[in-house]
$ cat run-v9.pdb   # PDB, C-alpha atoms
MODEL        1
ATOM      1  CA  MET A   1      33.694  68.531   3.228
ATOM      2  CA  VAL A   2      35.715  65.503   4.205
ATOM      3  CA  ARG A   3      38.606  63.824   2.367
ATOM      4  CA  VAL A   4      37.914  60.167   1.623
ATOM      5  CA  TYR A   5      39.953  57.316   0.209
ATOM      6  CA  LEU A   6      38.514  54.350  -1.679
ATOM      7  CA  ALA A   7      40.165  51.082  -2.614
ATOM      8  CA  ILE A   8      39.070  49.957  -6.075
ATOM      9  CA  ALA A   9      39.529  46.392  -7.312
ATOM     10  CA  SER A  10      38.453  44.261 -10.257
ATOM     11  CA  ASN A  11      39.446  40.925 -11.766
ATOM     12  CA  PHE A  12      36.842  40.727 -14.541
ATOM     13  CA  GLN A  13      37.270  42.999 -17.550
ATOM     14  CA  ALA A  14      39.218  45.019 -15.018
ATOM     15  CA  GLU A  15      40.437  47.868 -17.173
ATOM     16  CA  ILE A  16      36.972  48.642 -18.513
ATOM     17  CA  ASN A  17      35.158  48.152 -15.199
ATOM     18  CA  ILE A  18      37.605  50.373 -13.339
ATOM     19  CA  ALA A  19      37.381  53.037 -16.046
ATOM     20  CA  VAL A  20      33.579  53.053 -15.809
ATOM     21  CA  ALA A  21      33.707  53.294 -12.008
ATOM     22  CA  ILE A  22      36.202  56.175 -12.168
ATOM     23  CA  ASP A  23      33.950  58.007 -14.648
ATOM     24  CA  LYS A  24      30.952  57.570 -12.349
ATOM     25  CA  LEU A  25      32.906  58.735  -9.307
ATOM     26  CA  GLN A  26      34.214  61.793 -11.178
ATOM     27  CA  ALA A  27      30.709  62.652 -12.370
ATOM     28  CA  LYS A  28      29.401  62.462  -8.804
ATOM     29  CA  PHE A  29      32.337  63.884  -6.803
ATOM     30  CA  GLY A  30      34.479  65.905  -9.208
ATOM     31  CA  ASP A  31      38.236  65.656  -9.453
ATOM     32  CA  LEU A  32      39.789  62.460  -8.166
ATOM     33  CA  LEU A  33      43.328  61.859  -7.007
ATOM     34  CA  ILE A  34      44.165  58.480  -8.577
ATOM     35  CA  SER A  35      47.045  56.193  -7.635
ATOM     36  CA  THR A  36      49.009  53.880  -9.868
ATOM     37  CA  THR A  37      47.166  50.667 -10.710
ATOM     38  CA  TYR A  38      48.702  47.448  -9.401
ATOM     39  CA  GLN A  39      48.154  43.882 -10.514
ATOM     40  CA  ASN A  40      48.373  41.053  -8.020
ATOM     41  CA  GLN A  41      47.334  37.483  -7.404
ATOM     42  CA  ALA A  42      44.048  36.944  -5.612
ATOM     43  CA  VAL A  43      44.353  36.395  -1.870
ATOM     44  CA  ASP A  44      42.813  33.225  -0.381
ATOM     45  CA  THR A  45      41.130  32.147  -3.635
ATOM     46  CA  GLN A  46      41.927  30.729  -7.053
ATOM     47  CA  ALA A  47      40.466  33.754  -8.837
ATOM     48  CA  ASP A  48      42.092  35.610 -11.710
ATOM     49  CA  GLN A  49      44.576  38.356 -10.934
ATOM     50  CA  TYR A  50      43.205  41.633  -9.615
ATOM     51  CA  PHE A  51      43.835  45.207 -10.612
ATOM     52  CA  ASN A  52      43.878  47.495  -7.551
ATOM     53  CA  LEU A  53      44.203  51.221  -6.977
ATOM     54  CA  VAL A  54      43.145  53.927  -4.538
ATOM     55  CA  VAL A  55      41.285  57.124  -5.335
ATOM     56  CA  SER A  56      40.686  60.122  -3.114
ATOM     57  CA  PHE A  57      38.243  63.027  -3.233
ATOM     58  CA  ASN A  58      36.280  65.409  -1.047
ATOM     59  CA  THR A  59      32.626  64.834  -0.257
ATOM     60  CA  ALA A  60      29.848  66.295   1.829
ATOM     61  CA  LEU A  61      28.156  62.878   2.108
ATOM     62  CA  SER A  62      28.137  61.048   5.411
ATOM     63  CA  ALA A  63      30.145  57.829   5.509
ATOM     64  CA  ALA A  64      26.918  55.789   5.428
ATOM     65  CA  ALA A  65      25.555  57.728   2.448
ATOM     66  CA  LEU A  66      28.878  57.376   0.628
ATOM     67  CA  ILE A  67      28.943  53.605   1.183
ATOM     68  CA  ALA A  68      25.382  53.413  -0.174
ATOM     69  CA  GLU A  69      26.446  55.406  -3.251
ATOM     70  CA  LEU A  70      29.400  53.064  -3.796
ATOM     71  CA  LYS A  71      27.074  50.047  -3.669
ATOM     72  CA  THR A  72      24.881  51.723  -6.296
ATOM     73  CA  VAL A  73      27.908  52.069  -8.595
ATOM     74  CA  GLU A  74      28.876  48.432  -7.966
ATOM     75  CA  ASP A  75      25.334  47.224  -8.635
ATOM     76  CA  ALA A  76      25.187  49.178 -11.911
ATOM     77  CA  GLN A  77      28.302  47.260 -12.963
ATOM     78  CA  SER A  78      26.751  43.862 -12.157
ATOM     79  CA  ARG A  79      28.678  43.280  -8.943
ATOM     80  CA  LEU A  80      27.769  39.841  -7.602
ATOM     81  CA  ARG A  81      27.394  39.585  -3.825
ATOM     82  CA  GLY A  82      26.835  36.791  -1.349
ATOM     83  CA  GLN A  83      27.345  33.093  -1.852
ATOM     84  CA  THR A  84      28.238  32.420  -5.453
ATOM     85  CA  THR A  85      30.512  30.072  -7.308
ATOM     86  CA  SER A  86      31.811  32.923  -9.429
ATOM     87  CA  THR A  87      35.267  34.245  -8.653
ATOM     88  CA  GLU A  88      34.778  37.173 -11.018
ATOM     89  CA  VAL A  89      34.552  40.599  -9.420
ATOM     90  CA  SER A  90      33.439  43.272 -11.872
ATOM     91  CA  ILE A  91      34.114  46.109  -9.441
ATOM     92  CA  ASP A  92      34.741  46.457  -5.721
ATOM     93  CA  LEU A  93      34.638  49.926  -4.160
ATOM     94  CA  ASP A  94      35.613  50.015  -0.496
ATOM     95  CA  LEU A  95      35.745  53.074   1.731
ATOM     96  CA  ILE A  96      39.051  52.730   3.583
ATOM     97  CA  LEU A  97      39.473  56.219   5.099
ATOM     98  CA  TYR A  98      36.863  58.860   5.862
ATOM     99  CA  GLY A  99      38.649  61.968   7.099
ATOM    100  CA  ASP A 100      39.726  61.408  10.694
ATOM    101  CA  PHE A 101      36.734  59.206  11.495
ATOM    102  CA  GLN A 102      37.424  56.050  13.454
ATOM    103  CA  GLY A 103      34.651  53.536  14.091
ATOM    104  CA  CYS A 104      32.089  51.363  12.353
ATOM    105  CA  VAL A 105      29.642  52.295   9.641
ATOM    106  CA  GLY A 106      27.308  49.364   9.146
ATOM    107  CA  HIS A 107      29.615  46.365   8.929
ATOM    108  CA  ARG A 108      32.601  48.392   7.713
ATOM    109  CA  VAL A 109      35.433  49.360  10.082
ATOM    110  CA  ILE A 110      37.024  52.700   9.237
ATOM    111  CA  PRO A 111      39.967  53.112   8.905
ATOM    112  CA  SER A 112      40.062  49.731   7.202
ATOM    113  CA  PRO A 113      42.240  47.263   9.114
ATOM    114  CA  ASP A 114      43.311  45.887   5.701
ATOM    115  CA  ILE A 115      45.413  48.999   5.091
ATOM    116  CA  LEU A 116      48.250  47.703   7.246
ATOM    117  CA  VAL A 117      48.175  44.076   6.069
ATOM    118  CA  GLN A 118      47.314  44.116   2.353
ATOM    119  CA  SER A 119      50.007  45.289  -0.044
ATOM    120  CA  PHE A 120      47.419  46.027  -2.748
ATOM    121  CA  ILE A 121      45.816  48.636  -0.476
ATOM    122  CA  LEU A 122      48.861  50.083   1.273
ATOM    123  CA  ALA A 123      50.972  50.593  -1.880
ATOM    124  CA  PRO A 124      48.455  52.739  -3.793
ATOM    125  CA  LEU A 125      47.370  54.501  -0.587
ATOM    126  CA  SER A 126      50.990  55.430   0.090
ATOM    127  CA  GLU A 127      50.982  57.301  -3.232
ATOM    128  CA  VAL A 128      47.830  59.371  -2.721
ATOM    129  CA  ALA A 129      48.208  59.837   1.051
ATOM    130  CA  ALA A 130      51.973  59.601   1.522
ATOM    131  CA  ASP A 131      52.138  62.068   4.420
ATOM    132  CA  LYS A 132      48.834  61.131   6.069
ATOM    133  CA  LEU A 133      49.372  59.536   9.474
ATOM    134  CA  ASP A 134      47.970  56.108  10.214
ATOM    135  CA  ARG A 135      45.903  56.326  13.398
ATOM    136  CA  PHE A 136      47.133  53.010  14.771
ATOM    137  CA  SER A 137      50.882  53.210  14.179
ATOM    138  CA  GLY A 138      51.362  56.988  14.138
ATOM    139  CA  GLN A 139      53.522  56.616  11.009
ATOM    140  CA  ASN A 140      52.713  58.038   7.603
ATOM    141  CA  TYR A 141      51.601  55.705   4.817
ATOM    142  CA  ALA A 142      54.753  56.237   2.742
ATOM    143  CA  SER A 143      56.894  55.055   5.675
ATOM    144  CA  LEU A 144      54.598  52.126   6.349
ATOM    145  CA  TRP A 145      54.829  51.017   2.714
ATOM    146  CA  LYS A 146      58.612  51.366   2.697
ATOM    147  CA  ALA A 147      58.832  49.079   5.761
ATOM    148  CA  PHE A 148      56.206  46.603   4.488
ATOM    149  CA  ASP A 149      57.340  43.057   3.605
ATOM    150  CA  GLN A 150      56.578  43.350  -0.091
ATOM    151  CA  SER A 151      57.823  39.834  -0.894
ATOM    152  CA  HIS A 152      54.848  38.179   0.803
ATOM    153  CA  HIS A 153      52.299  39.437  -1.730
ATOM    154  CA  PRO A 154      54.081  41.072  -4.673
ATOM    155  CA  LEU A 155      52.554  43.722  -6.889
ATOM    156  CA  THR A 156      53.181  44.708 -10.482
ATOM    157  CA  LYS A 157      52.576  48.285 -11.631
ATOM    158  CA  VAL A 158      50.211  48.492 -14.588
ATOM    159  CA  MET A 159      50.058  51.527 -16.848
ATOM    160  CA  ILE A 160      46.471  52.133 -17.912
ATOM    161  CA  ASN A 161      44.849  55.189 -19.427
ATOM    162  CA  PHE A 162      41.368  54.823 -17.966
ATOM    163  CA  ALA A 163      40.089  57.929 -19.758
ATOM    164  CA  SER A 164      40.570  56.298 -23.154
ATOM    165  CA  LEU A 165      38.781  53.097 -22.080
ATOM    166  CA  SER A 166      35.542  54.564 -20.775
ATOM    167  CA  SER A 167      34.680  56.718 -23.758
TER     168      SER A 167
ENDMDL
END
$ encode --input "run-v9.pdb" --output "C-alpha coordinates"
Amino acid sequence: MVRVYLAIASNFQAEINIAVAIDKLQAKFGDLLISTTYQNQAVDTQADQYFNLVVSFNTALSAAALIAELKTVEDAQSRLRGQTTSTEVSIDLDLILYGDFQGCVGHRVIPSPDILVQSFILAPLSEVAADKLDRFSGQNYASLWKAFDQSHHPLTKVMINFASLSS
(Lines of atoms letter the chains of each structure in order from A and count residues from 1; the text may use other names and numbers.)
(Lines give C-alpha, C1' and ligand atoms only; values in the text may rest on other atoms or scores of the structure.)
Protein backbone atom coordinates (compact mmCIF):
# COMPACT_ATOMS: atom_id res chain seq x y z
CA MET A 1 0.00 0.00 0.00
CA VAL A 2 1.14 3.51 -0.76
CA ARG A 3 -0.06 6.82 0.72
CA VAL A 4 -1.35 9.21 -1.94
CA TYR A 5 -2.48 12.81 -1.94
CA LEU A 6 -4.99 14.29 -4.38
CA ALA A 7 -5.81 17.92 -5.06
CA ILE A 8 -9.54 18.37 -5.65
CA ALA A 9 -10.99 21.48 -7.29
CA SER A 10 -14.32 22.66 -8.66
CA ASN A 11 -15.87 25.96 -9.69
CA PHE A 12 -19.23 24.68 -10.95
CA GLN A 13 -21.76 23.51 -8.38
CA ALA A 14 -18.61 23.01 -6.36
CA GLU A 15 -20.06 21.84 -3.07
CA ILE A 16 -22.16 19.13 -4.70
CA ASN A 17 -19.50 18.03 -7.20
CA ILE A 18 -16.84 17.76 -4.51
CA ALA A 19 -19.21 15.84 -2.23
CA VAL A 20 -19.97 13.35 -5.01
CA ALA A 21 -16.26 12.91 -5.77
CA ILE A 22 -15.46 12.36 -2.08
CA ASP A 23 -18.22 9.74 -1.86
CA LYS A 24 -16.84 7.92 -4.90
CA LEU A 25 -13.29 8.03 -3.56
CA GLN A 26 -14.42 6.73 -0.15
CA ALA A 27 -16.38 3.92 -1.79
CA LYS A 28 -13.31 2.89 -3.80
CA PHE A 29 -10.48 3.54 -1.31
CA GLY A 30 -12.02 3.61 2.17
CA ASP A 31 -11.31 6.25 4.77
CA LEU A 32 -10.01 9.56 3.48
CA LEU A 33 -8.05 12.20 5.32
CA ILE A 34 -9.70 15.45 4.16
CA SER A 35 -8.30 18.96 4.50
CA THR A 36 -10.19 22.18 5.01
CA THR A 37 -11.82 23.49 1.84
CA TYR A 38 -10.51 26.81 0.52
CA GLN A 39 -12.10 29.25 -1.88
CA ASN A 40 -9.95 31.31 -4.21
CA GLN A 41 -10.01 33.28 -7.41
CA ALA A 42 -9.20 31.40 -10.59
CA VAL A 43 -5.59 31.68 -11.72
CA ASP A 44 -4.90 32.95 -15.26
CA THR A 45 -8.57 32.97 -16.30
CA GLN A 46 -11.80 34.87 -15.74
CA ALA A 47 -13.57 31.79 -14.36
CA ASP A 48 -15.70 31.69 -11.24
CA GLN A 49 -14.02 31.16 -7.89
CA TYR A 50 -12.76 27.67 -7.11
CA PHE A 51 -13.17 25.46 -4.09
CA ASN A 52 -9.97 23.48 -3.40
CA LEU A 53 -8.94 20.82 -0.92
CA VAL A 54 -6.58 17.87 -0.58
CA VAL A 55 -7.48 14.32 0.36
CA SER A 56 -5.18 11.46 1.28
CA PHE A 57 -5.62 7.69 1.43
CA ASN A 58 -3.77 4.42 0.98
CA THR A 59 -4.02 2.42 -2.22
CA ALA A 60 -2.58 -0.67 -3.83
CA LEU A 61 -3.11 0.80 -7.32
CA SER A 62 -0.14 1.87 -9.39
CA ALA A 63 0.12 5.60 -10.05
CA ALA A 64 -1.01 5.06 -13.66
CA ALA A 65 -4.01 2.98 -12.59
CA LEU A 66 -4.94 5.56 -9.95
CA ILE A 67 -4.79 8.41 -12.49
CA ALA A 68 -7.04 6.37 -14.80
CA GLU A 69 -9.50 5.82 -11.94
CA LEU A 70 -9.51 9.56 -11.19
CA LYS A 71 -10.32 10.33 -14.83
CA THR A 72 -13.23 7.87 -14.63
CA VAL A 73 -14.61 9.78 -11.62
CA GLU A 74 -14.15 13.10 -13.44
CA ASP A 75 -15.84 11.78 -16.58
CA ALA A 76 -18.81 10.50 -14.56
CA GLN A 77 -19.22 14.06 -13.28
CA SER A 78 -19.21 15.56 -16.80
CA ARG A 79 -15.69 16.96 -16.65
CA LEU A 80 -15.01 18.85 -19.87
CA ARG A 81 -11.51 18.47 -21.31
CA GLY A 82 -9.58 20.00 -24.16
CA GLN A 83 -10.32 23.17 -26.05
CA THR A 84 -13.62 24.58 -24.89
CA THR A 85 -15.07 28.00 -24.28
CA SER A 86 -16.46 26.87 -20.95
CA THR A 87 -14.68 28.04 -17.82
CA GLU A 88 -16.76 25.72 -15.66
CA VAL A 89 -14.92 22.83 -14.04
CA SER A 90 -17.27 20.31 -12.46
CA ILE A 91 -14.46 18.38 -10.79
CA ASP A 92 -10.69 18.19 -11.11
CA LEU A 93 -8.85 15.36 -9.36
CA ASP A 94 -5.07 15.59 -9.57
CA LEU A 95 -2.57 13.16 -8.10
CA ILE A 96 0.03 15.40 -6.44
CA LEU A 97 1.97 12.89 -4.29
CA TYR A 98 2.31 9.14 -4.66
CA GLY A 99 4.29 7.83 -1.70
CA ASP A 100 7.96 8.63 -2.25
CA PHE A 101 7.72 8.29 -6.02
CA GLN A 102 9.44 10.95 -8.08
CA GLY A 103 9.07 11.00 -11.86
CA CYS A 104 6.50 11.14 -14.64
CA VAL A 105 3.37 9.09 -15.07
CA GLY A 106 1.97 9.84 -18.50
CA HIS A 107 2.04 13.63 -18.73
CA ARG A 108 1.86 14.13 -14.96
CA VAL A 109 4.97 15.02 -12.93
CA ILE A 110 4.93 13.60 -9.41
CA PRO A 111 5.42 15.22 -6.95
CA SER A 112 3.44 18.00 -8.61
CA PRO A 113 5.58 21.10 -9.14
CA ASP A 114 2.43 23.14 -8.36
CA ILE A 115 2.72 22.20 -4.68
CA LEU A 116 5.38 24.83 -4.06
CA VAL A 117 3.85 27.63 -6.13
CA GLN A 118 0.06 27.38 -5.74
CA SER A 119 -1.42 28.45 -2.42
CA PHE A 120 -4.60 26.46 -3.08
CA ILE A 121 -2.56 23.24 -3.15
CA LEU A 122 0.06 23.96 -0.50
CA ALA A 123 -2.36 25.22 2.18
CA PRO A 124 -4.62 22.14 2.27
CA LEU A 125 -1.63 19.81 1.77
CA SER A 126 0.05 21.39 4.79
CA GLU A 127 -2.94 20.27 6.87
CA VAL A 128 -3.04 16.62 5.81
CA ALA A 129 0.73 16.17 5.38
CA ALA A 130 2.13 18.75 7.80
CA ASP A 131 5.22 16.73 8.74
CA LYS A 132 5.85 15.15 5.33
CA LEU A 133 9.08 16.40 3.79
CA ASP A 134 9.06 18.02 0.38
CA ARG A 135 11.61 16.23 -1.81
CA PHE A 136 12.89 19.41 -3.43
CA SER A 137 13.31 21.74 -0.46
CA GLY A 138 13.80 19.20 2.33
CA GLN A 139 11.32 21.16 4.47
CA ASN A 140 7.99 19.86 5.71
CA TYR A 141 4.78 21.16 4.15
CA ALA A 142 3.66 22.98 7.30
CA SER A 143 6.90 25.00 7.30
CA LEU A 144 6.64 25.67 3.59
CA TRP A 145 3.09 26.98 4.00
CA LYS A 146 4.09 29.17 6.94
CA ALA A 147 6.84 30.77 4.81
CA PHE A 148 4.68 31.06 1.67
CA ASP A 149 3.74 34.56 0.43
CA GLN A 150 0.03 34.17 1.06
CA SER A 151 -0.80 37.71 -0.10
CA HIS A 152 -0.12 36.89 -3.75
CA HIS A 153 -3.07 34.51 -4.10
CA PRO A 154 -5.26 34.69 -0.99
CA LEU A 155 -7.50 31.90 0.21
CA THR A 156 -10.68 31.88 2.25
CA LYS A 157 -11.56 28.88 4.43
CA VAL A 158 -14.98 27.46 3.65
CA MET A 159 -16.87 25.26 6.10
CA ILE A 160 -18.75 22.58 4.20
CA ASN A 161 -20.30 19.35 5.41
CA PHE A 162 -19.83 17.24 2.29
CA ALA A 163 -21.55 14.23 3.85
CA SER A 164 -24.86 16.08 4.04
CA LEU A 165 -24.64 17.25 0.41
CA SER A 166 -24.06 13.92 -1.31
CA SER A 167 -26.92 12.00 0.25
$ resolve_selection --input "run-v9.pdb" --expression "the PyMOL selection byres ((chain A and resi 56) around 10)" --output "ChimeraX atom specification"
/A:3-7,29,31-35,54-55,57-59,95,97-98,125,128-129
$ residues_around --input "run-v9.pdb" --residues "A:Leu155" --least-positions-apart "2" --cutoff "9 Å" --atoms "only C-alpha atoms" --output "VMD selection string"
chain A and resid 38 to 41 119 to 120 123 150 to 151 153 157
$ atom_distance --input "run-v9.pdb" --atom1 "atom CA of A:Asp94" --atom2 "atom CA of A:Ile8"
6.6 Å
$ resolve_selection --input "run-v9.pdb" --expression "the PyMOL selection byres ((chain A and resi 146) around 12)" --output "PyMOL selection string"
chain A and resi 116+119+122-123+126-127+130+139-145+147-150
$ closest_residue --input "run-v9.pdb" --among "A:Asp134, A:Asn11, A:Phe51, A:Ala64" --to "A:Thr87" --atoms "only C-alpha atoms"
A:Asn11
$ closest_residue --input "run-v9.pdb" --among "A:Thr37, A:Gly106, A:Gln13, A:Ala42" --to "A:Ala68" --atoms "all atoms listed in the file"
A:Gly106
$ build_atoms --input "run-v9.pdb" --residues "stretch 32-63 of chain A" --atoms "N, CA and C atoms" --output "mmCIF file, in the coordinates of the input"
data_model
loop_
_atom_site.group_PDB
_atom_site.id
_atom_site.type_symbol
_atom_site.label_atom_id
_atom_site.label_comp_id
_atom_site.auth_asym_id
_atom_site.auth_seq_id
_atom_site.Cartn_x
_atom_site.Cartn_y
_atom_site.Cartn_z
ATOM 1 N N LEU A 32 39.295 63.559 -8.987
ATOM 2 C CA LEU A 32 39.789 62.460 -8.166
ATOM 3 C C LEU A 32 41.310 62.472 -8.191
ATOM 4 N N LEU A 33 41.905 62.148 -7.063
ATOM 5 C CA LEU A 33 43.328 61.859 -7.007
ATOM 6 C C LEU A 33 43.430 60.350 -7.174
ATOM 7 N N ILE A 34 44.150 59.901 -8.213
ATOM 8 C CA ILE A 34 44.165 58.480 -8.577
ATOM 9 C C ILE A 34 45.585 57.937 -8.478
ATOM 10 N N SER A 35 45.738 56.829 -7.778
ATOM 11 C CA SER A 35 47.045 56.193 -7.635
ATOM 12 C C SER A 35 47.404 55.409 -8.894
ATOM 13 N N THR A 36 48.595 54.871 -8.883
ATOM 14 C CA THR A 36 49.009 53.880 -9.868
ATOM 15 C C THR A 36 48.103 52.665 -9.698
ATOM 16 N N THR A 37 47.901 51.926 -10.783
ATOM 17 C CA THR A 37 47.166 50.667 -10.710
ATOM 18 C C THR A 37 48.176 49.541 -10.541
ATOM 19 N N TYR A 38 47.847 48.598 -9.670
ATOM 20 C CA TYR A 38 48.702 47.448 -9.401
ATOM 21 C C TYR A 38 47.965 46.171 -9.744
ATOM 22 N N GLN A 39 48.714 45.201 -10.245
ATOM 23 C CA GLN A 39 48.154 43.882 -10.514
ATOM 24 C C GLN A 39 48.746 42.922 -9.499
ATOM 25 N N ASN A 40 47.905 42.026 -8.996
ATOM 26 C CA ASN A 40 48.373 41.053 -8.020
ATOM 27 C C ASN A 40 47.514 39.796 -8.061
ATOM 28 N N GLN A 41 48.077 38.731 -7.526
ATOM 29 C CA GLN A 41 47.334 37.483 -7.404
ATOM 30 C C GLN A 41 46.223 37.657 -6.379
ATOM 31 N N ALA A 42 45.142 36.940 -6.586
ATOM 32 C CA ALA A 42 44.048 36.944 -5.612
ATOM 33 C C ALA A 42 44.543 36.367 -4.290
ATOM 34 N N VAL A 43 43.995 36.863 -3.204
ATOM 35 C CA VAL A 43 44.353 36.395 -1.870
ATOM 36 C C VAL A 43 43.290 35.400 -1.424
ATOM 37 N N ASP A 44 43.709 34.231 -0.950
ATOM 38 C CA ASP A 44 42.813 33.225 -0.381
ATOM 39 C C ASP A 44 41.785 32.670 -1.357
ATOM 40 N N THR A 45 42.054 32.718 -2.654
ATOM 41 C CA THR A 45 41.130 32.147 -3.635
ATOM 42 C C THR A 45 41.897 31.860 -4.917
ATOM 43 N N GLN A 46 41.310 31.075 -5.772
ATOM 44 C CA GLN A 46 41.927 30.729 -7.053
ATOM 45 C C GLN A 46 41.433 31.635 -8.174
ATOM 46 N N ALA A 47 40.995 32.809 -7.855
ATOM 47 C CA ALA A 47 40.466 33.754 -8.837
ATOM 48 C C ALA A 47 41.576 34.314 -9.721
ATOM 49 N N ASP A 48 41.153 34.924 -10.830
ATOM 50 C CA ASP A 48 42.092 35.610 -11.710
ATOM 51 C C ASP A 48 42.761 36.762 -10.970
ATOM 52 N N GLN A 49 43.863 37.239 -11.535
ATOM 53 C CA GLN A 49 44.576 38.356 -10.934
ATOM 54 C C GLN A 49 43.691 39.597 -10.867
ATOM 55 N N TYR A 50 43.948 40.394 -9.844
ATOM 56 C CA TYR A 50 43.205 41.633 -9.615
ATOM 57 C C TYR A 50 44.004 42.841 -10.074
ATOM 58 N N PHE A 51 43.284 43.867 -10.458
ATOM 59 C CA PHE A 51 43.835 45.207 -10.612
ATOM 60 C C PHE A 51 43.328 45.991 -9.407
ATOM 61 N N ASN A 52 44.218 46.732 -8.749
ATOM 62 C CA ASN A 52 43.878 47.495 -7.551
ATOM 63 C C ASN A 52 44.457 48.896 -7.633
ATOM 64 N N LEU A 53 43.735 49.851 -7.090
ATOM 65 C CA LEU A 53 44.203 51.221 -6.977
ATOM 66 C C LEU A 53 43.426 51.902 -5.869
ATOM 67 N N VAL A 54 43.845 53.115 -5.538
ATOM 68 C CA VAL A 54 43.145 53.927 -4.538
ATOM 69 C C VAL A 54 42.851 55.273 -5.172
ATOM 70 N N VAL A 55 41.644 55.769 -4.912
ATOM 71 C CA VAL A 55 41.285 57.124 -5.335
ATOM 72 C C VAL A 55 40.881 57.913 -4.100
ATOM 73 N N SER A 56 41.034 59.234 -4.218
ATOM 74 C CA SER A 56 40.686 60.122 -3.114
ATOM 75 C C SER A 56 39.950 61.336 -3.664
ATOM 76 N N PHE A 57 39.002 61.833 -2.864
ATOM 77 C CA PHE A 57 38.243 63.027 -3.233
ATOM 78 C C PHE A 57 37.585 63.591 -1.991
ATOM 79 N N ASN A 58 37.030 64.774 -2.130
ATOM 80 C CA ASN A 58 36.280 65.409 -1.047
ATOM 81 C C ASN A 58 34.795 65.180 -1.270
ATOM 82 N N THR A 59 34.071 65.018 -0.163
ATOM 83 C CA THR A 59 32.626 64.834 -0.257
ATOM 84 C C THR A 59 31.933 65.446 0.949
ATOM 85 N N ALA A 60 30.686 65.825 0.733
ATOM 86 C CA ALA A 60 29.848 66.295 1.829
ATOM 87 C C ALA A 60 28.948 65.175 2.341
ATOM 88 N N LEU A 61 28.977 64.009 1.680
ATOM 89 C CA LEU A 61 28.156 62.878 2.108
ATOM 90 C C LEU A 61 28.655 62.309 3.433
ATOM 91 N N SER A 62 27.742 61.796 4.218
ATOM 92 C CA SER A 62 28.137 61.048 5.411
ATOM 93 C C SER A 62 28.796 59.748 4.958
ATOM 94 N N ALA A 63 29.501 59.102 5.854
ATOM 95 C CA ALA A 63 30.145 57.829 5.509
ATOM 96 C C ALA A 63 29.102 56.805 5.073
#
